[in-house]
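Peer 1: Please find structure_4.tsv (TSV, C-alpha atoms) on the next line:
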```tsv
chain	number	residue	atom	x	y	z
A	1	MET	CA	19.22	-40.29	-32.12
A	2	SER	CA	20.90	-40.09	-28.78
A	3	GLU	CA	24.33	-40.11	-30.41
A	4	ALA	CA	23.36	-37.34	-32.77
A	5	VAL	CA	22.41	-35.27	-29.79
A	6	ARG	CA	25.64	-36.07	-28.04
A	7	GLU	CA	27.79	-35.20	-31.04
A	8	ALA	CA	26.12	-31.93	-31.88
A	9	PRO	CA	28.51	-29.04	-31.26
A	10	LYS	CA	27.75	-27.32	-28.01
A	11	LYS	CA	26.20	-23.96	-28.63
A	12	GLU	CA	26.92	-21.06	-26.37
A	13	ARG	CA	23.73	-20.76	-24.40
A	14	PRO	CA	22.62	-17.24	-23.63
A	15	GLU	CA	22.65	-16.40	-19.97
A	16	PHE	CA	19.96	-14.24	-18.46
A	17	ARG	CA	20.41	-12.59	-15.14
A	18	ASN	CA	18.51	-9.99	-13.19
A	19	ILE	CA	19.48	-6.53	-14.30
A	20	HIS	CA	21.85	-4.62	-12.13
A	21	VAL	CA	20.85	-1.43	-10.31
A	22	THR	CA	23.14	0.60	-12.61
A	23	GLU	CA	21.21	-0.62	-15.67
A	24	LEU	CA	17.85	0.52	-14.34
A	25	SER	CA	17.97	3.93	-16.02
A	26	ASN	CA	18.12	2.57	-19.57
A	27	TYR	CA	15.65	-0.25	-19.04
A	28	ARG	CA	12.17	0.59	-20.27
A	29	LEU	CA	9.49	-1.07	-18.19
A	30	PRO	CA	6.20	-2.04	-19.81
A	31	LEU	CA	3.24	0.03	-18.58
A	32	ALA	CA	1.99	-2.72	-16.25
A	33	GLY	CA	5.50	-3.00	-14.80
A	34	LEU	CA	5.60	0.72	-14.21
A	35	VAL	CA	2.27	0.57	-12.36
A	36	SER	CA	3.58	-2.37	-10.35
A	37	ILE	CA	6.79	-0.72	-9.16
A	38	LEU	CA	4.92	2.52	-8.42
A	39	HIS	CA	2.45	0.45	-6.37
A	40	ARG	CA	5.40	-0.68	-4.28
A	41	ILE	CA	6.98	2.78	-4.06
A	42	SER	CA	3.68	4.43	-3.08
A	43	GLY	CA	3.07	1.75	-0.43
A	44	LEU	CA	6.50	2.24	1.10
A	45	THR	CA	6.08	6.03	1.02
A	46	MET	CA	2.82	5.81	2.93
A	47	PHE	CA	4.37	3.38	5.40
A	48	LEU	CA	7.25	5.78	6.05
A	49	LEU	CA	4.89	8.77	6.42
A	50	LEU	CA	2.61	6.89	8.84
A	51	PRO	CA	3.85	8.81	11.94
A	52	PHE	CA	3.22	12.11	10.13
A	53	VAL	CA	-0.37	11.09	9.30
A	54	LEU	CA	-1.09	9.88	12.83
A	55	TYR	CA	0.43	13.08	14.21
A	56	LEU	CA	-1.84	15.21	12.00
A	57	LEU	CA	-4.88	13.14	13.00
A	58	GLU	CA	-3.97	13.62	16.66
A	59	GLN	CA	-3.49	17.37	16.27
A	60	SER	CA	-6.73	17.75	14.33
A	61	LEU	CA	-8.74	15.89	16.98
A	62	ARG	CA	-7.20	16.88	20.29
A	63	SER	CA	-8.74	20.33	20.80
A	64	GLU	CA	-9.89	23.45	19.03
A	65	ILE	CA	-6.50	25.07	19.64
A	66	SER	CA	-4.54	22.14	18.25
A	67	PHE	CA	-6.98	22.04	15.33
A	68	ALA	CA	-6.03	25.63	14.52
A	69	TYR	CA	-2.36	24.69	15.01
A	70	TYR	CA	-2.87	21.79	12.58
A	71	GLN	CA	-4.36	24.18	10.04
A	72	GLY	CA	-1.25	26.32	10.50
A	73	ILE	CA	1.09	23.37	9.89
A	74	VAL	CA	-0.63	22.27	6.69
A	75	SER	CA	-0.46	25.75	5.20
A	76	TYR	CA	3.34	25.55	4.82
A	77	PRO	CA	4.27	24.86	1.16
A	78	LEU	CA	6.69	22.08	2.14
A	79	VAL	CA	4.01	20.35	4.21
A	80	LYS	CA	1.61	20.76	1.31
A	81	LEU	CA	4.14	18.99	-0.93
A	82	ILE	CA	4.42	16.11	1.58
A	83	ILE	CA	0.63	15.88	1.70
A	84	LEU	CA	0.53	15.89	-2.09
A	85	ALA	CA	3.02	13.00	-2.14
A	86	LEU	CA	0.71	11.18	0.28
A	87	VAL	CA	-2.31	11.96	-1.88
A	88	TRP	CA	-0.59	10.63	-4.98
A	89	GLY	CA	0.61	7.57	-3.06
A	90	TYR	CA	-2.88	6.89	-1.78
A	91	LEU	CA	-4.58	7.38	-5.15
A	92	HIS	CA	-2.06	5.29	-7.06
A	93	HIS	CA	-2.07	2.54	-4.45
A	94	PHE	CA	-5.88	2.60	-4.41
A	95	CYS	CA	-6.27	2.39	-8.20
A	96	ALA	CA	-3.51	-0.19	-8.69
A	97	GLY	CA	-4.94	-2.18	-5.78
A	98	CYS	CA	-8.41	-2.22	-7.34
A	99	ARG	CA	-6.80	-3.41	-10.59
A	100	HIS	CA	-5.18	-6.23	-8.60
A	101	LEU	CA	-8.48	-7.20	-6.98
A	102	ILE	CA	-10.21	-7.32	-10.36
A	103	MET	CA	-7.38	-9.38	-11.85
A	104	ASP	CA	-7.62	-11.76	-8.88
A	105	MET	CA	-11.09	-12.60	-10.21
A	106	HIS	CA	-9.41	-13.58	-13.52
A	107	ILE	CA	-10.72	-10.52	-15.30
A	108	GLY	CA	-8.52	-8.65	-17.76
A	109	LEU	CA	-5.50	-10.94	-17.61
A	110	ALA	CA	-4.73	-10.83	-21.35
A	111	LYS	CA	-1.70	-8.78	-22.31
A	112	GLU	CA	-3.55	-6.02	-24.14
A	113	GLN	CA	-6.28	-5.68	-21.50
A	114	ALA	CA	-3.67	-5.59	-18.72
A	115	ARG	CA	-1.87	-2.84	-20.61
A	116	HIS	CA	-5.07	-0.86	-20.96
A	117	SER	CA	-5.99	-1.21	-17.29
A	118	ALA	CA	-2.46	-0.14	-16.32
A	119	ALA	CA	-2.87	2.95	-18.50
A	120	SER	CA	-6.24	3.64	-16.84
A	121	VAL	CA	-4.69	3.38	-13.38
A	122	LEU	CA	-2.08	5.98	-14.32
A	123	ALA	CA	-4.62	8.24	-16.01
A	124	VAL	CA	-7.08	8.19	-13.09
A	125	SER	CA	-4.57	8.50	-10.27
A	126	LEU	CA	-2.48	11.20	-11.94
A	127	SER	CA	-5.42	13.35	-13.02
A	128	LEU	CA	-7.05	13.14	-9.57
A	129	THR	CA	-3.69	14.04	-8.01
A	130	ALA	CA	-3.44	17.03	-10.35
A	131	ILE	CA	-6.92	18.24	-9.41
A	132	ILE	CA	-6.17	17.91	-5.69
A	133	ALA	CA	-2.82	19.67	-6.19
A	134	LEU	CA	-4.58	22.64	-7.78
A	135	LYS	CA	-7.09	22.70	-4.92
A	136	LEU	CA	-4.35	22.34	-2.30
A	137	PHE	CA	-2.34	25.25	-3.66
A	138	GLY	CA	-5.42	27.41	-3.93
A	139	VAL	CA	-5.83	27.66	-7.70
A	140	PHE	CA	-9.57	27.21	-7.30
B	1	MET	CA	11.68	-42.47	10.54
B	2	ALA	CA	8.27	-41.28	9.50
B	3	THR	CA	7.86	-41.07	5.75
B	4	ASN	CA	7.47	-37.62	4.32
B	5	ASP	CA	4.11	-37.53	2.58
B	6	ASN	CA	4.30	-33.82	1.95
B	7	ILE	CA	5.96	-34.06	-1.48
B	8	GLY	CA	4.92	-34.31	-5.11
B	9	PRO	CA	1.20	-34.33	-5.81
B	10	LYS	CA	0.52	-34.96	-2.11
B	11	ARG	CA	2.19	-31.73	-1.13
B	12	LEU	CA	-0.01	-29.55	1.05
B	13	VAL	CA	-0.37	-26.17	-0.59
B	14	VAL	CA	-2.35	-24.57	2.18
B	15	GLY	CA	-2.43	-24.76	5.93
B	16	ALA	CA	1.17	-24.09	6.84
B	17	HIS	CA	1.59	-20.51	5.76
B	18	TYR	CA	2.56	-21.13	2.10
B	19	GLY	CA	1.59	-17.51	1.57
B	20	LEU	CA	-2.16	-17.95	1.07
B	21	ARG	CA	-3.10	-16.55	4.46
B	22	ASP	CA	-1.09	-13.36	3.99
B	23	TRP	CA	-2.24	-13.00	0.40
B	24	LEU	CA	-5.87	-13.30	1.51
B	25	ALA	CA	-5.39	-10.99	4.49
B	26	GLN	CA	-3.93	-8.36	2.18
B	27	ARG	CA	-7.01	-8.55	-0.07
B	28	VAL	CA	-9.53	-8.54	2.77
B	29	THR	CA	-7.90	-5.58	4.52
B	30	ALA	CA	-7.77	-3.79	1.15
B	31	LEU	CA	-11.53	-4.19	0.80
B	32	VAL	CA	-12.04	-2.87	4.34
B	33	MET	CA	-9.99	0.21	3.47
B	34	VAL	CA	-11.93	0.75	0.24
B	35	ALA	CA	-15.18	0.65	2.26
B	36	TYR	CA	-13.79	3.13	4.80
B	37	THR	CA	-12.67	5.43	1.98
B	38	VAL	CA	-16.22	5.42	0.62
B	39	ILE	CA	-17.64	6.23	4.09
B	40	LEU	CA	-15.15	9.10	4.52
B	41	LEU	CA	-15.94	10.44	1.04
B	42	VAL	CA	-19.69	10.31	1.67
B	43	SER	CA	-19.38	12.08	5.02
B	44	PHE	CA	-17.12	14.69	3.37
B	45	LEU	CA	-19.43	15.30	0.42
B	46	THR	CA	-22.57	15.45	2.58
B	47	GLY	CA	-20.89	17.39	5.39
B	48	GLN	CA	-21.74	20.98	6.16
B	49	ASN	CA	-19.75	21.69	9.29
B	50	PHE	CA	-16.07	21.89	8.29
B	51	THR	CA	-14.94	23.29	11.62
B	52	TYR	CA	-13.35	21.56	14.60
B	53	GLU	CA	-16.81	20.74	15.99
B	54	GLY	CA	-17.86	18.98	12.81
B	55	TRP	CA	-14.60	17.02	12.54
B	56	ALA	CA	-14.42	16.02	16.20
B	57	GLY	CA	-18.15	15.36	16.22
B	58	LEU	CA	-17.69	12.76	13.49
B	59	PHE	CA	-14.99	11.02	15.50
B	60	ALA	CA	-16.92	11.33	18.76
B	61	GLN	CA	-19.47	8.73	17.66
B	62	GLN	CA	-18.75	5.23	18.89
B	63	TRP	CA	-19.49	3.52	15.54
B	64	PHE	CA	-17.05	5.83	13.77
B	65	LYS	CA	-14.35	5.16	16.37
B	66	LEU	CA	-14.87	1.43	15.90
B	67	ILE	CA	-14.77	1.37	12.11
B	68	SER	CA	-11.78	3.72	12.17
B	69	ALA	CA	-9.96	1.40	14.56
B	70	VAL	CA	-10.83	-1.69	12.52
B	71	THR	CA	-9.65	0.02	9.34
B	72	LEU	CA	-6.41	1.18	10.94
B	73	PHE	CA	-5.68	-2.30	12.32
B	74	GLY	CA	-6.38	-3.66	8.84
B	75	LEU	CA	-4.03	-1.06	7.42
B	76	PHE	CA	-1.25	-2.07	9.81
B	77	PHE	CA	-1.65	-5.73	8.90
B	78	HIS	CA	-1.75	-4.80	5.21
B	79	ALA	CA	1.38	-2.70	5.65
B	80	TRP	CA	3.12	-5.57	7.41
B	81	VAL	CA	2.50	-7.94	4.48
B	82	GLY	CA	3.63	-5.35	1.95
B	83	VAL	CA	6.70	-4.12	3.80
B	84	ARG	CA	7.74	-7.70	4.61
B	85	ASP	CA	7.59	-8.44	0.87
B	86	ILE	CA	9.89	-5.50	0.23
B	87	TRP	CA	12.43	-6.69	2.83
B	88	MET	CA	12.26	-10.24	1.45
B	89	ASP	CA	12.83	-9.02	-2.12
B	90	TYR	CA	15.66	-6.57	-1.62
B	91	VAL	CA	17.50	-7.34	1.63
B	92	LYS	CA	19.69	-10.39	1.06
B	93	SER	CA	21.49	-10.48	4.41
B	94	VAL	CA	19.48	-12.68	6.79
B	95	GLY	CA	20.52	-10.79	9.92
B	96	LEU	CA	19.65	-7.40	8.52
B	97	ARG	CA	16.37	-8.67	7.08
B	98	LEU	CA	15.32	-10.16	10.41
B	99	THR	CA	16.22	-6.93	12.17
B	100	LEU	CA	14.15	-4.88	9.71
B	101	GLN	CA	11.22	-7.25	9.97
B	102	VAL	CA	11.23	-7.15	13.77
B	103	ALA	CA	11.55	-3.36	13.69
B	104	THR	CA	8.58	-3.18	11.30
B	105	ILE	CA	6.40	-5.33	13.58
B	106	VAL	CA	7.35	-3.37	16.70
B	107	TRP	CA	6.72	-0.09	14.90
B	108	LEU	CA	3.32	-1.18	13.57
B	109	ILE	CA	2.18	-2.41	16.99
B	110	ALA	CA	3.24	0.93	18.46
B	111	CYS	CA	1.24	2.72	15.74
B	112	ALA	CA	-1.79	0.56	16.53
B	113	ALA	CA	-1.60	1.51	20.22
B	114	TRP	CA	-1.12	5.15	19.32
B	115	SER	CA	-4.12	5.18	16.98
B	116	VAL	CA	-6.35	3.68	19.70
B	117	GLN	CA	-5.21	6.45	22.03
B	118	ILE	CA	-5.94	9.09	19.38
B	119	LEU	CA	-9.37	7.71	18.54
B	120	TRP	CA	-10.57	7.30	22.11
B	121	SER	CA	-9.29	10.67	23.32
B	122	VAL	CA	-11.99	12.56	21.41
```
Please rewrite the model in this file as structure tokens.
Peer 2:
Amino acid sequence: MSEAVREAPKKERPEFRNIHVTELSNYRLPLAGLVSILHRISGLTMFLLLPFVLYLLEQSLRSEISFAYYQGIVSYPLVKLIILALVWGYLHHFCAGCRHLIMDMHIGLAKEQARHSAASVLAVSLSLTAIIALKLFGVF
Amino acid sequence: MATNDNIGPKRLVVGAHYGLRDWLAQRVTALVMVAYTVILLVSFLTGQNFTYEGWAGLFAQQWFKLISAVTLFGLFFHAWVGVRDIWMDYVKSVGLRLTLQVATIVWLIACAAWSVQILWSV
């Protein structure tokens, strides 16, 4: 038995490595993977925009004049876009985080269920972002 | 030489950082932030005074200052765990990673001090 194993012709074993950055564009992530990387991206976005948020909080609380000034700042379209990015980041991070907390309790770990919950995260966070975007840009 | 008992089935999986503490802290702070979000939403949906007085009046109450501060400290801890994970995953150079991690800690402590100043200036 051991000799048979030794004499068997060596097969070329496939080698798997992490994909390279340049291959990212033609690699299709599963839905749960997409939610996962967006969780990370939204978290980093909010971390980087932390000074902006604290600045707005400070301006909105300091005095009536700075409150009016704050209202002026947030009426610029570019600032509205930044706020919308924050809103999306918050909503996605919130929904994906709740999914994590539920999965930590060993609920919905099967492949199909995880796929469905990932789809729900995207559906909820994106539709809420869309509603807030319409509100922010004064559609209703 | 003392024998190393910390191997194989005897290996301690908790107690010396092994990641559990940070993992748990991330979950607990997440729950705190969910609770704060609910409080903010309720006060927004039941609010009538959407002027400066209403906004500053909300933050003028001591209990609101305290839960805001607790939530923000939780957020900074949460952000530390998450951002540290990002540096550990993508930054291979030890020197650069350490620099980024230290910068993150310093920055988050500064934000914590700033947020206390903001909250208690109302």
Peer 1: Give me, please, the distance in Å between CA of Gly47 (chain B) and CA of Met33 (chain B), quoted to one decimal.
Peer 2: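 For CA of Gly47 (chain B) relative to CA of Met33 (chain B), the distance reads 20.4 Å.
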Peer 1: Have a look at CA of Leu81 (chain A) and CA of Tyr52 (chain B) and let me know their distance in Å, one decimal.
Peer 2: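 If I compute the distance from CA of Leu81 (chain A) to CA of Tyr52 (chain B), I get 23.5 Å.
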Peer 1: Would you kindly report the residues of chain B within 10 Å of chain A, using all atoms listed in the file, as a PyMOL selection string?
Peer 2: chain B and resi 27-28+30-31+33-34+37+51-53+55-57+59-60+75-76+78-80+82-83+85-86+104+107-108+111+114-115+117-119+121-122
Peer 1: How about saving the chosen residues, C-alpha atoms kept, as a compact mmCIF listing (two decimals), in the coordinates of the input?
Peer 2:
```
# COMPACT_ATOMS: atom_id res chain seq x y z
CA ARG B 27 -7.01 -8.55 -0.07
CA VAL B 28 -9.53 -8.54 2.77
CA ALA B 30 -7.77 -3.79 1.15
CA LEU B 31 -11.53 -4.19 0.80
CA MET B 33 -9.99 0.21 3.47
CA VAL B 34 -11.93 0.75 0.24
CA THR B 37 -12.67 5.43 1.98
CA THR B 51 -14.94 23.29 11.62
CA TYR B 52 -13.35 21.56 14.60
CA GLU B 53 -16.81 20.74 15.99
CA TRP B 55 -14.60 17.02 12.54
CA ALA B 56 -14.42 16.02 16.20
CA GLY B 57 -18.15 15.36 16.22
CA PHE B 59 -14.99 11.02 15.50
CA ALA B 60 -16.92 11.33 18.76
CA LEU B 75 -4.03 -1.06 7.42
CA PHE B 76 -1.25 -2.07 9.81
CA HIS B 78 -1.75 -4.80 5.21
CA ALA B 79 1.38 -2.70 5.65
CA TRP B 80 3.12 -5.57 7.41
CA GLY B 82 3.63 -5.35 1.95
CA VAL B 83 6.70 -4.12 3.80
CA ASP B 85 7.59 -8.44 0.87
CA ILE B 86 9.89 -5.50 0.23
CA THR B 104 8.58 -3.18 11.30
CA TRP B 107 6.72 -0.09 14.90
CA LEU B 108 3.32 -1.18 13.57
CA CYS B 111 1.24 2.72 15.74
CA TRP B 114 -1.12 5.15 19.32
CA SER B 115 -4.12 5.18 16.98
CA GLN B 117 -5.21 6.45 22.03
CA ILE B 118 -5.94 9.09 19.38
CA LEU B 119 -9.37 7.71 18.54
CA SER B 121 -9.29 10.67 23.32
CA VAL B 122 -11.99 12.56 21.41
```
Peer 1: What is the CA of Phe137 (chain A)-CA of His93 (chain A) distance in Å, reported with one decimal?
Peer 2: 22.7 Å
Peer 1: With distances taken over all atoms listed in the file, which residue among A:Leu122, A:Val74, A:Ile19, A:Met103 lies nearest Gly89 (chain A)?
Peer 2: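 For Gly89 (chain A), the nearest of the candidates is A:Leu122.
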Peer 1: Taking the point (-1.0, 10.7, -12.5) as given in the file, collect each protein or nucleic acid residue that comes within 12 Å of it, counting all atoms listed in the file, and present the set as a ChimeraX atom specification.
Peer 2: /A:35,38,84-85,87-93,95-96,118-133
Peer 1: Just the residues within 10 Å of Arg84 (chain B), please, counting all atoms listed in the file, with nothing from its chain fewer than 3 positions along; format it as number ranges by chain.
Peer 2: B: 78-81, 87-89, 97-98, 100-102, 104-105
